[in-house]
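Written below as structure tokens is the structure these notes are about.
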Amino acid sequence: MPADPDDRTSRRVDDTDKPLVAVAVLASFVAFLDGSVVNLALPAIGREFGGGLALQQWVVDGYLLTLGALILVAGAISDQFGRLSVLRMGLMVFAVSSVLCAVAPSGWVLVAARCLQGVGAAFLVPSSLAMINAHFSGPAQARAIGTWTAWTGTAFVIGPLLGGVLVDALNWRWIFGVNLVPLAVTLYLVTKLPSGELAAAKRPTRIDFVGALLNAVGLTGAVYALIEGQRLGFSHPAVVASLVIGIACLVAFPLWEWRTPQPMMPLQIFAARNFAVGNLATVFLYAGVSLGMLVVGLFLQETAGLSATAAGLASLPVPVLSFVLARRFATLAGTHGPRLFMAVGPLTAALGYLVMARASEPFDFWTQMLPGLVMFGLGLTITVSPLTAAILAAVDPAQSGIGSAINNAVSRISGLIAIAFTGVIVALGERWGHGLGPGDDGNGGSAVDFQGFRQGMLVTAGLFVLAGVISAVGIRNDRYDTSRVSASTAAPCHDRSTPPPAYTPN
């Protein structure tokens with residue numbers, strides 16, 4: 001049990017607190033690890049189950065769909081039913097769904113299990129951070145979150161390499177099976193935690209179930225139409241119906257959020273200029289990140305012939321550059337303002353994808369791909385810390401928690417939609433090249449050939465350019481005050497940025 005609450009500000013993380021921090025770290029680690037390795041397994045999944053590019057898109061988007069639909073209400077659910085209870089539920093759902101992924105007898109069973117896995121993941125990170133925020137305060141809280149970020153951050157460095165090794169040495173199923181060890185340890189440690197302090201909030205927030213339902217149905221309808229329209233045809237009745245229903249729900253969502261007394265996404269928060277502009281830039285930035293890395297991963301294995309391990313190694317410049325340089329760029333942005341970094345960073349990333357778009361036969365990774373991947377990693381590193389801090393600094397500290405959740409959801413949903421568009425984008429390039437669409441590599445496969453890859457790189461570069469231009473025109477440095485950004489509000493964005501203590505005021 002913690003010491004007297006009045007003493008929490010001055011306490012350090014001691015031995016009695018270590019089980020709680022360990023639970024928070026492990027619960028988030030498995031979610032972050034799973035998100036960083038799946039792309040490497042897609043070609044192997046496609047070889048076993050078939051289904052073409054559509055199945056590969058669903059394996060990624062099934063997870064992002066439920067995660068994006070639930071992430072905005074996760075905090076309210078945690079407050080309503082108790083942080084420890086929700087965390088335990090999230091762990092069990094994630095564990096069961098990981099087993100189902102690992103033993104899936106068909107592609108669509110795998111997709112269903114991935115959807116369930118997204119449900120579990122939606123509660124793991126918010127609940128684990130809520131536990132830290134409830135147990136610590138002041139400098140002790142910042143230190144606990146620093147420990148959390150330091151350990152969970154290793155998932156992004158070891159994830160691609162571990163995933164590649166598991167796929168090559170064992171089987172793609174092991175990337176899901178390996179989750180069971182940390183999950184079992186976490187569930188055991190949960191039994192050692194005191195329940196009183198981590199129970200439901202005394203004044204729980206009302207859960208916006210209608211908003212969550214509109215969001216979920218809207219996203220599902222739109223994603224189904226985009227993915228299956230490439231396979232069935234966009235005039236197919238099921239595709240048309242899902243698109244109409246999806247768009248209707250997505251239009252109804254903000255109307256409902258405007259009128260409901262306790263919305264999961266309060267629209268008034270967008271009145272802050274940097275918050276609105278930063279989230280608009282986030283849409284294009286993370287659409288580019290998701291689309292680009294998916295196409296690169298498929299191309300390197302399916303067309304360039306790299307092993308899963310080699311493809312994992314190829315992606316390492318991105319997280320390594322982030323861990324080495326991101327804190328430095330966060331400091332510079334705090335001194336000079338975020339606009340320059342939020343403009344230059346995406347343009348640098350765009351240049352990296354234009355370099356990769358020049359790939360051709362005979363293929364050489366070292367000259368055609370590595371320079372572009374390094375430039376992309378540098379551009380992303382320049383951008384993400386200033387972007388996250390600018391968005392959170394724009395809102396009142398009392399709204400920083402929901403502001404962080406909204407920006408996190410925006411990044412997930414933009415990636416979800418971008419991946420749903422992948423088939424259309426790649427098919428356009430392939431048809432221009434030789435009249436074949438995705439899944440028509442001549443062998444019934446789903447290979448992204450050079451023409452499709454080039455088209456994907458050009459579209460990704462365009463998305464980054466839009467993010468940079470929006471930031472250059474819309475972001476205001478005079479509205480930027482990093483003293484308003486705490487480690488606890490920046491932490492939920494950690495899996496796509498850098499250690500939140502970089503934003504913690506002195």
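For the structure tokens, the naming scheme is as follows: chains receive sequential letters (A, B, ...) according to their order of presentation, residues are indexed from 1 within each chain, and ligands are indexed from 1 in presentation order.
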Please provide the set of residues having any atom within 8 Å of Gln368 in chain A, restricted to only C-alpha atoms, with same-chain residues fewer than 5 positions apart removed, written as a CSV table (one decimal) with N, CA and C atoms, in the first residue's frame.
```csv
chain,number,residue,atom,x,y,z
A,355,VAL,N,12.8,9.0,-52.4
A,355,VAL,CA,14.1,8.3,-52.7
A,355,VAL,C,13.7,6.8,-52.8
A,356,MET,N,12.9,6.2,-52.0
A,356,MET,CA,12.5,4.8,-52.1
A,356,MET,C,11.7,4.5,-53.3
A,358,ARG,N,12.3,5.4,-56.1
A,358,ARG,CA,13.1,5.2,-57.3
A,358,ARG,C,13.6,3.7,-57.4
A,359,ALA,N,13.2,2.8,-56.5
A,359,ALA,CA,13.6,1.4,-56.5
A,359,ALA,C,13.2,0.8,-57.8
A,363,PHE,N,17.3,-4.8,-58.0
A,363,PHE,CA,17.1,-4.2,-56.7
A,363,PHE,C,18.3,-4.3,-55.8
```
For this session: Mind checking which residues fall within 12 Å of range 462-464 of chain A, counting only C-alpha atoms, ignoring those fewer than 3 positions away in the same chain, and posting them as number ranges by chain?
Result: A: 280-292, 342-354, 376, 379-380, 383, 414-415, 418, 455-459, 467-471
Could you turn the residues from that selection into a file that holds N, CA and C atoms, as a compact mmCIF listing (two decimals), in the first residue's frame?
```txt
# COMPACT_ATOMS: atom_id res chain seq x y z
N LEU A 280 -5.26 17.85 -37.39
CA LEU A 280 -5.38 17.72 -38.84
C LEU A 280 -4.05 17.25 -39.44
N ALA A 281 -2.95 17.80 -38.96
CA ALA A 281 -1.64 17.32 -39.41
C ALA A 281 -1.43 15.86 -39.02
N THR A 282 -1.92 15.47 -37.85
CA THR A 282 -1.81 14.09 -37.39
C THR A 282 -2.50 13.14 -38.36
N VAL A 283 -3.65 13.53 -38.89
CA VAL A 283 -4.38 12.69 -39.83
C VAL A 283 -3.48 12.28 -40.99
N PHE A 284 -2.83 13.25 -41.62
CA PHE A 284 -2.01 12.96 -42.80
C PHE A 284 -0.68 12.33 -42.42
N LEU A 285 -0.11 12.75 -41.28
CA LEU A 285 1.18 12.20 -40.86
C LEU A 285 1.07 10.71 -40.60
N TYR A 286 0.07 10.30 -39.79
CA TYR A 286 -0.02 8.89 -39.42
C TYR A 286 -0.69 8.04 -40.48
N ALA A 287 -1.44 8.66 -41.38
CA ALA A 287 -1.86 7.93 -42.58
C ALA A 287 -0.63 7.55 -43.39
N GLY A 288 0.31 8.49 -43.52
CA GLY A 288 1.54 8.21 -44.24
C GLY A 288 2.40 7.16 -43.56
N VAL A 289 2.51 7.26 -42.24
CA VAL A 289 3.32 6.28 -41.50
C VAL A 289 2.75 4.87 -41.69
N SER A 290 1.45 4.72 -41.52
CA SER A 290 0.83 3.39 -41.61
C SER A 290 0.89 2.83 -43.03
N LEU A 291 0.51 3.64 -44.00
CA LEU A 291 0.53 3.19 -45.39
C LEU A 291 1.95 2.87 -45.83
N GLY A 292 2.87 3.78 -45.56
CA GLY A 292 4.24 3.60 -46.03
C GLY A 292 4.91 2.37 -45.47
N MET A 342 7.54 20.86 -37.08
CA MET A 342 6.37 20.16 -37.60
C MET A 342 6.22 20.35 -39.11
N ALA A 343 6.90 21.35 -39.66
CA ALA A 343 6.88 21.56 -41.11
C ALA A 343 8.03 20.83 -41.79
N VAL A 344 9.23 20.96 -41.24
CA VAL A 344 10.43 20.37 -41.87
C VAL A 344 10.43 18.85 -41.72
N GLY A 345 9.98 18.34 -40.57
CA GLY A 345 10.02 16.91 -40.33
C GLY A 345 9.23 16.11 -41.36
N PRO A 346 7.94 16.42 -41.59
CA PRO A 346 7.19 15.66 -42.61
C PRO A 346 7.77 15.80 -44.01
N LEU A 347 8.31 16.97 -44.34
CA LEU A 347 8.92 17.14 -45.66
C LEU A 347 10.17 16.28 -45.80
N THR A 348 10.92 16.13 -44.72
CA THR A 348 12.08 15.24 -44.73
C THR A 348 11.64 13.80 -44.92
N ALA A 349 10.58 13.41 -44.20
CA ALA A 349 10.04 12.05 -44.37
C ALA A 349 9.54 11.83 -45.80
N ALA A 350 8.89 12.85 -46.37
CA ALA A 350 8.41 12.75 -47.76
C ALA A 350 9.57 12.54 -48.72
N LEU A 351 10.65 13.25 -48.49
CA LEU A 351 11.83 13.09 -49.35
C LEU A 351 12.37 11.68 -49.27
N GLY A 352 12.33 11.10 -48.07
CA GLY A 352 12.78 9.72 -47.91
C GLY A 352 11.95 8.76 -48.73
N TYR A 353 10.64 8.97 -48.77
CA TYR A 353 9.78 8.08 -49.57
C TYR A 353 9.95 8.33 -51.06
N LEU A 354 10.27 9.54 -51.46
CA LEU A 354 10.57 9.79 -52.87
C LEU A 354 11.85 9.07 -53.28
N PHE A 376 13.33 8.98 -43.70
CA PHE A 376 12.00 8.88 -43.11
C PHE A 376 12.08 8.85 -41.59
N GLY A 379 12.94 12.30 -40.35
CA GLY A 379 11.80 13.21 -40.46
C GLY A 379 10.75 12.95 -39.40
N LEU A 380 10.46 11.67 -39.15
CA LEU A 380 9.47 11.33 -38.12
C LEU A 380 9.96 11.75 -36.75
N THR A 383 9.52 15.38 -36.11
CA THR A 383 8.13 15.83 -36.06
C THR A 383 7.39 15.45 -34.80
N SER A 414 -6.67 7.36 -38.53
CA SER A 414 -6.07 7.73 -39.81
C SER A 414 -5.26 6.59 -40.39
N GLY A 415 -4.53 5.87 -39.52
CA GLY A 415 -3.80 4.70 -39.99
C GLY A 415 -4.73 3.60 -40.47
N ALA A 418 -6.02 4.61 -43.90
CA ALA A 418 -4.94 4.54 -44.90
C ALA A 418 -4.68 3.11 -45.32
N GLN A 455 3.89 3.49 -56.62
CA GLN A 455 2.68 4.26 -56.40
C GLN A 455 2.43 4.47 -54.91
N GLY A 456 2.64 3.43 -54.11
CA GLY A 456 2.48 3.56 -52.67
C GLY A 456 3.44 4.57 -52.08
N MET A 457 4.68 4.59 -52.56
CA MET A 457 5.66 5.54 -52.05
C MET A 457 5.29 6.98 -52.41
N LEU A 458 4.79 7.19 -53.62
CA LEU A 458 4.42 8.54 -54.05
C LEU A 458 3.23 9.06 -53.26
N VAL A 459 2.23 8.21 -53.04
CA VAL A 459 1.07 8.63 -52.25
C VAL A 459 1.49 8.93 -50.81
N ALA A 467 0.93 17.07 -44.46
CA ALA A 467 1.12 17.28 -43.02
C ALA A 467 2.07 18.44 -42.76
N GLY A 468 3.15 18.52 -43.54
CA GLY A 468 4.11 19.60 -43.36
C GLY A 468 3.54 20.96 -43.73
N VAL A 469 2.80 21.03 -44.83
CA VAL A 469 2.22 22.30 -45.26
C VAL A 469 1.17 22.79 -44.26
N ILE A 470 0.32 21.87 -43.79
CA ILE A 470 -0.69 22.23 -42.80
C ILE A 470 -0.04 22.80 -41.54
N SER A 471 1.03 22.18 -41.09
CA SER A 471 1.73 22.65 -39.89
C SER A 471 2.38 24.01 -40.12
```
What lies within 9 Å of Pro43 in chain A using only C-alpha atoms, ignoring chain neighbours under 4 positions off, as a PDB file with C-alpha atoms, in the first residue's frame?
```pdb
ATOM      1  CA  ASN A  39       3.501  -6.390 -40.564  1.00  0.00           C
ATOM      2  CA  ARG A  47       1.097 -17.813 -48.105  1.00  0.00           C
ATOM      3  CA  GLU A  48      -0.728 -20.058 -45.641  1.00  0.00           C
ATOM      4  CA  GLN A  56      -3.472  -8.850 -45.062  1.00  0.00           C
ATOM      5  CA  GLY A 297       7.234  -4.400 -45.395  1.00  0.00           C
ATOM      6  CA  LEU A 298       5.229  -6.262 -48.038  1.00  0.00           C
ATOM      7  CA  GLN A 301       9.546  -9.673 -48.483  1.00  0.00           C
ATOM      8  CA  GLU A 302       7.247 -10.433 -51.413  1.00  0.00           C
ATOM      9  CA  ALA A 308      11.303 -11.631 -42.370  1.00  0.00           C
ATOM     10  CA  SER A 446      -0.634 -10.655 -53.211  1.00  0.00           C
ATOM     11  CA  ALA A 447       2.808  -9.368 -54.080  1.00  0.00           C
TER      12      ALA A 447
END
```
For this session: Would you please extract all helix (DSSP H, G or I) residues from range 265-498 of chain A, as assigned by DSSP on the backbone, and give them as a PyMOL selection string?
Result: chain A and resi 267-271+273-302+308-314+317-336+339-356+365-368+370-393+397-420+422-434+450-474+477-479+482-484+487-496
For this session: Tell me, as a PyMOL selection string, which residues lie within 7 Å of Leu67 in chain A, counting only C-alpha atoms; anything in the same chain fewer than 4 positions away does not count.
Result: chain A and resi 63+71+118-119+121-122
Resulting file, chosen residues, N, CA and C atoms, as a short mmCIF file (atom, residue, chain, number, x, y, z; two decimals), in the first residue's frame:
```cif
data_model
loop_
_atom_site.label_atom_id
_atom_site.label_comp_id
_atom_site.auth_asym_id
_atom_site.auth_seq_id
_atom_site.Cartn_x
_atom_site.Cartn_y
_atom_site.Cartn_z
N TYR A 63 -7.50 -5.20 -35.91
CA TYR A 63 -6.95 -4.76 -34.62
C TYR A 63 -7.17 -3.26 -34.43
N ILE A 71 -10.87 3.40 -27.84
CA ILE A 71 -9.81 4.07 -27.08
C ILE A 71 -10.30 5.34 -26.40
N GLY A 118 -7.74 -6.23 -30.38
CA GLY A 118 -7.83 -4.78 -30.31
C GLY A 118 -8.68 -4.31 -29.14
N VAL A 119 -9.73 -5.08 -28.81
CA VAL A 119 -10.56 -4.75 -27.65
C VAL A 119 -9.71 -4.81 -26.37
N ALA A 121 -6.41 -4.57 -26.13
CA ALA A 121 -5.37 -3.54 -26.17
C ALA A 121 -5.92 -2.17 -25.83
N ALA A 122 -7.19 -1.91 -26.19
CA ALA A 122 -7.79 -0.60 -25.94
C ALA A 122 -7.81 -0.26 -24.46
#
```
Problem set entry | Test item: residues at most 12 Å from Val324 in chain A, only C-alpha atoms, excluding those fewer than 2 positions along its chain, as a ChimeraX atom specification | /A:157,317-322,326-330,377-378,381-382,498-499
Writer output for current selection, C-alpha atoms, as a PDB file, in the first residue's frame:
```
ATOM      1  CA  VAL A 157      13.479  -1.727 -30.903  1.00  0.00           C
ATOM      2  CA  PRO A 317      16.607   2.918 -38.357  1.00  0.00           C
ATOM      3  CA  VAL A 318      13.189   4.398 -37.550  1.00  0.00           C
ATOM      4  CA  PRO A 319      12.920   3.467 -33.820  1.00  0.00           C
ATOM      5  CA  VAL A 320      16.677   3.801 -33.252  1.00  0.00           C
ATOM      6  CA  LEU A 321      16.739   7.368 -34.594  1.00  0.00           C
ATOM      7  CA  SER A 322      13.730   8.169 -32.438  1.00  0.00           C
ATOM      8  CA  ALA A 326      13.803  12.658 -30.336  1.00  0.00           C
ATOM      9  CA  ARG A 327      14.476  14.110 -26.907  1.00  0.00           C
ATOM     10  CA  ARG A 328      16.876  16.588 -28.503  1.00  0.00           C
ATOM     11  CA  PHE A 329      14.250  17.770 -30.993  1.00  0.00           C
ATOM     12  CA  ALA A 330      11.667  18.037 -28.217  1.00  0.00           C
ATOM     13  CA  GLY A 377      13.143   7.959 -39.606  1.00  0.00           C
ATOM     14  CA  LEU A 378      14.856  11.321 -39.199  1.00  0.00           C
ATOM     15  CA  THR A 381      11.822  11.943 -35.208  1.00  0.00           C
ATOM     16  CA  ILE A 382      11.930  15.668 -35.954  1.00  0.00           C
ATOM     17  CA  THR A 498       9.277   9.409 -27.519  1.00  0.00           C
ATOM     18  CA  PRO A 499       9.588   9.151 -23.740  1.00  0.00           C
TER      19      PRO A 499
END
```
Exercise. Could you name the residues that touch Pro105 in chain A at 10 Å or less, counting only C-alpha atoms, but leaving out those on the same chain fewer than 4 positions away, as a ChimeraX atom specification?
Worked result: /A:48-49,100-101,109-110
Take the residues just selected and output them with C-alpha atoms as a compact mmCIF listing (two decimals), in the first residue's frame.
```
# COMPACT_ATOMS: atom_id res chain seq x y z
CA GLU A 48 -0.73 -20.06 -45.64
CA PHE A 49 -4.27 -18.74 -45.94
CA LEU A 100 -6.92 -17.64 -30.96
CA CYS A 101 -4.58 -15.78 -33.32
CA VAL A 109 -10.82 -16.60 -37.83
CA LEU A 110 -7.49 -14.79 -37.50
```
For this session: Write out as a list of chain:residue names each polymer residue whose atoms come within 9 Å of Val86 in chain A, counting only C-alpha atoms; drop sequence neighbours fewer than 6 positions from it.
Result: A:Ala74, A:Ile77, A:Ser78, A:Asp79, A:Phe123, A:Leu124, A:Ser127
Using C-alpha atoms, can you write the selected residues to a file as a short mmCIF file (atom, residue, chain, number, x, y, z; two decimals), in the first residue's frame?
```
data_model
loop_
_atom_site.label_atom_id
_atom_site.label_comp_id
_atom_site.auth_asym_id
_atom_site.auth_seq_id
_atom_site.Cartn_x
_atom_site.Cartn_y
_atom_site.Cartn_z
CA ALA A 74 -11.46 3.40 -22.25
CA ILE A 77 -14.89 2.62 -18.50
CA SER A 78 -11.82 2.32 -16.27
CA ASP A 79 -13.22 4.96 -13.90
CA PHE A 123 -7.86 -1.03 -22.15
CA LEU A 124 -4.29 -2.09 -21.40
CA SER A 127 -5.70 1.38 -17.47
#
```
